[in-house]
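Student: If you scroll down you'll find the structure; I have some questions about it.
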Amino acid sequence: MSRERKKAAALHEKMQILRSITHSHALSSTSIIMDASEYIKELKQKVVRLNQEIAREEATTNSHNNKENSFPTVSVETLGHGFLVNVSSDKSCPGLLGSVLEAFEELGLTVLQATASCADTFRLEAMGGGGEVCMHVRHNPSSLNH
């Protein structure tokens, strides 16, 4: 196969890939490129719309509670032969306590004591050593209303 035919075959293959990616039904190279150009314009418009939606969501979230964090803060420290785990969030996190307890179970850690603070904020302090964990979580009865 000549060098020119290889180039033409490679170009044809790339055009077919472009046609497929852009969902074009065109047959000529010019039409495929025009369809690809339109497709790119549509994608740019979608990006603009999505960025506007994200900005609106962030503004709404921030206006509801400027102090809310998206994710809880987790810290782990070693204490002699044991450890201290702190989990905190500036907002109530439904299901977080259960998830933390499941994580301790999956790690093979035994929970000896647990109390919870899950009202408007979430706080958890877990102390343990070896395979045992002693958890101190302050419980606020108003959290039962959430």
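Naming works like this for the structure tokens: A, B, ... for the chains as they're shown, residue 1 at the start of each chain, ligands 1 onward in shown order.
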Mind checking which residues fall within 9 Å of Leu97 (chain A), counting only C-alpha atoms, ignoring those fewer than 5 positions away in the same chain, and posting them as a list in words?
Tutor: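 The filter keeps Glu102, Ala116, Cys118, Phe122 and Leu124 of chain A.
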Student: For the selection just defined, write its residues with N, CA, C and O atoms to a file, as an mmCIF file, in the first residue's frame.
Tutor:
data_model
loop_
_atom_site.group_PDB
_atom_site.id
_atom_site.type_symbol
_atom_site.label_atom_id
_atom_site.label_comp_id
_atom_site.auth_asym_id
_atom_site.auth_seq_id
_atom_site.Cartn_x
_atom_site.Cartn_y
_atom_site.Cartn_z
ATOM 1 N N GLU A 102 -20.320 1.083 61.831
ATOM 2 C CA GLU A 102 -20.077 0.001 60.872
ATOM 3 C C GLU A 102 -18.600 -0.061 60.488
ATOM 4 O O GLU A 102 -18.032 -1.148 60.352
ATOM 5 N N ALA A 116 -24.271 10.093 71.819
ATOM 6 C CA ALA A 116 -24.231 10.830 70.557
ATOM 7 C C ALA A 116 -24.647 12.291 70.685
ATOM 8 O O ALA A 116 -25.514 12.615 71.464
ATOM 9 N N CYS A 118 -25.986 14.712 67.933
ATOM 10 C CA CYS A 118 -26.373 14.751 66.512
ATOM 11 C C CYS A 118 -27.475 15.778 66.256
ATOM 12 O O CYS A 118 -28.262 15.618 65.333
ATOM 13 N N PHE A 122 -22.702 17.523 64.529
ATOM 14 C CA PHE A 122 -22.348 16.139 64.837
ATOM 15 C C PHE A 122 -20.969 16.113 65.452
ATOM 16 O O PHE A 122 -20.038 16.719 64.922
ATOM 17 N N LEU A 124 -18.238 13.289 67.504
ATOM 18 C CA LEU A 124 -17.926 11.942 67.936
ATOM 19 C C LEU A 124 -16.476 11.891 68.371
ATOM 20 O O LEU A 124 -15.605 12.398 67.656
#
Student: Write out as a PyMOL selection string each polymer residue whose atoms come within 12 Å of Lys14 (chain A), counting only C-alpha atoms; drop sequence neighbours fewer than 5 positions from it.
Tutor: chain A and resi 7-9+19-21+29+32-33
Student: I need the residues from that last selection saved to file as a PDB file, in the first residue's frame (with all heavy atoms), if you can.
Tutor:
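Saved to result_27.pdb:
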ATOM      1  N   LYS A   7      -2.179   7.253   4.279  1.00  0.00           N
ATOM      2  CA  LYS A   7      -2.632   8.528   4.849  1.00  0.00           C
ATOM      3  C   LYS A   7      -4.127   8.713   4.638  1.00  0.00           C
ATOM      4  O   LYS A   7      -4.845   9.133   5.541  1.00  0.00           O
ATOM      5  CB  LYS A   7      -1.865   9.710   4.239  1.00  0.00           C
ATOM      6  CG  LYS A   7      -0.482   9.885   4.773  1.00  0.00           C
ATOM      7  CD  LYS A   7       0.142  11.143   4.170  1.00  0.00           C
ATOM      8  CE  LYS A   7       1.522  11.377   4.704  1.00  0.00           C
ATOM      9  NZ  LYS A   7       2.121  12.604   4.150  1.00  0.00           N
ATOM     10  N   ALA A   8      -4.595   8.398   3.436  1.00  0.00           N
ATOM     11  CA  ALA A   8      -6.024   8.543   3.124  1.00  0.00           C
ATOM     12  C   ALA A   8      -6.854   7.587   3.992  1.00  0.00           C
ATOM     13  O   ALA A   8      -7.921   7.959   4.494  1.00  0.00           O
ATOM     14  CB  ALA A   8      -6.274   8.282   1.650  1.00  0.00           C
ATOM     15  N   ALA A   9      -6.367   6.363   4.173  1.00  0.00           N
ATOM     16  CA  ALA A   9      -7.089   5.385   4.994  1.00  0.00           C
ATOM     17  C   ALA A   9      -7.131   5.850   6.455  1.00  0.00           C
ATOM     18  O   ALA A   9      -8.165   5.732   7.127  1.00  0.00           O
ATOM     19  CB  ALA A   9      -6.434   4.014   4.878  1.00  0.00           C
ATOM     20  N   ARG A  19     -17.205  11.173  13.232  1.00  0.00           N
ATOM     21  CA  ARG A  19     -18.621  11.029  12.875  1.00  0.00           C
ATOM     22  C   ARG A  19     -19.367  10.286  13.976  1.00  0.00           C
ATOM     23  O   ARG A  19     -20.458  10.676  14.382  1.00  0.00           O
ATOM     24  CB  ARG A  19     -18.729  10.272  11.549  1.00  0.00           C
ATOM     25  CG  ARG A  19     -20.122  10.078  11.058  1.00  0.00           C
ATOM     26  CD  ARG A  19     -20.090   9.386   9.702  1.00  0.00           C
ATOM     27  NE  ARG A  19     -21.425   9.216   9.211  1.00  0.00           N
ATOM     28  CZ  ARG A  19     -21.962   8.033   8.916  1.00  0.00           C
ATOM     29  NH1 ARG A  19     -21.256   6.936   9.035  1.00  0.00           N
ATOM     30  NH2 ARG A  19     -23.194   7.971   8.481  1.00  0.00           N
ATOM     31  N   SER A  20     -18.758   9.232  14.483  1.00  0.00           N
ATOM     32  CA  SER A  20     -19.380   8.423  15.532  1.00  0.00           C
ATOM     33  C   SER A  20     -19.496   9.205  16.846  1.00  0.00           C
ATOM     34  O   SER A  20     -20.546   9.208  17.490  1.00  0.00           O
ATOM     35  CB  SER A  20     -18.557   7.161  15.749  1.00  0.00           C
ATOM     36  OG  SER A  20     -19.021   6.452  16.855  1.00  0.00           O
ATOM     37  N   ILE A  21     -18.419   9.860  17.226  1.00  0.00           N
ATOM     38  CA  ILE A  21     -18.397  10.607  18.498  1.00  0.00           C
ATOM     39  C   ILE A  21     -19.424  11.735  18.499  1.00  0.00           C
ATOM     40  O   ILE A  21     -20.063  12.003  19.509  1.00  0.00           O
ATOM     41  CB  ILE A  21     -16.983  11.178  18.756  1.00  0.00           C
ATOM     42  CG1 ILE A  21     -16.013  10.040  19.072  1.00  0.00           C
ATOM     43  CG2 ILE A  21     -16.992  12.192  19.884  1.00  0.00           C
ATOM     44  CD1 ILE A  21     -14.563  10.477  19.138  1.00  0.00           C
ATOM     45  N   SER A  29     -16.726  14.388   4.235  1.00  0.00           N
ATOM     46  CA  SER A  29     -15.815  14.894   5.272  1.00  0.00           C
ATOM     47  C   SER A  29     -16.198  16.303   5.710  1.00  0.00           C
ATOM     48  O   SER A  29     -16.182  16.624   6.907  1.00  0.00           O
ATOM     49  CB  SER A  29     -14.376  14.881   4.766  1.00  0.00           C
ATOM     50  OG  SER A  29     -13.963  13.563   4.516  1.00  0.00           O
ATOM     51  N   ILE A  32     -19.201  16.131   7.960  1.00  0.00           N
ATOM     52  CA  ILE A  32     -18.825  15.558   9.262  1.00  0.00           C
ATOM     53  C   ILE A  32     -18.160  16.626  10.121  1.00  0.00           C
ATOM     54  O   ILE A  32     -18.465  16.778  11.307  1.00  0.00           O
ATOM     55  CB  ILE A  32     -17.901  14.334   9.077  1.00  0.00           C
ATOM     56  CG1 ILE A  32     -18.670  13.186   8.430  1.00  0.00           C
ATOM     57  CG2 ILE A  32     -17.313  13.904  10.417  1.00  0.00           C
ATOM     58  CD1 ILE A  32     -17.791  12.010   8.001  1.00  0.00           C
ATOM     59  N   ILE A  33     -17.279  17.400   9.514  1.00  0.00           N
ATOM     60  CA  ILE A  33     -16.589  18.471  10.251  1.00  0.00           C
ATOM     61  C   ILE A  33     -17.580  19.549  10.682  1.00  0.00           C
ATOM     62  O   ILE A  33     -17.510  20.056  11.806  1.00  0.00           O
ATOM     63  CB  ILE A  33     -15.433  19.056   9.407  1.00  0.00           C
ATOM     64  CG1 ILE A  33     -14.339  17.992   9.260  1.00  0.00           C
ATOM     65  CG2 ILE A  33     -14.887  20.331  10.027  1.00  0.00           C
ATOM     66  CD1 ILE A  33     -13.245  18.342   8.277  1.00  0.00           C
TER      67      ILE A  33
END
Student: Closest to Leu43 (chain A) among A:Ser117, A:Thr22, A:Ser2, A:Gln16, using only C-alpha atoms?
Tutor: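 The closest residue to Leu43 (chain A) is A:Thr22.
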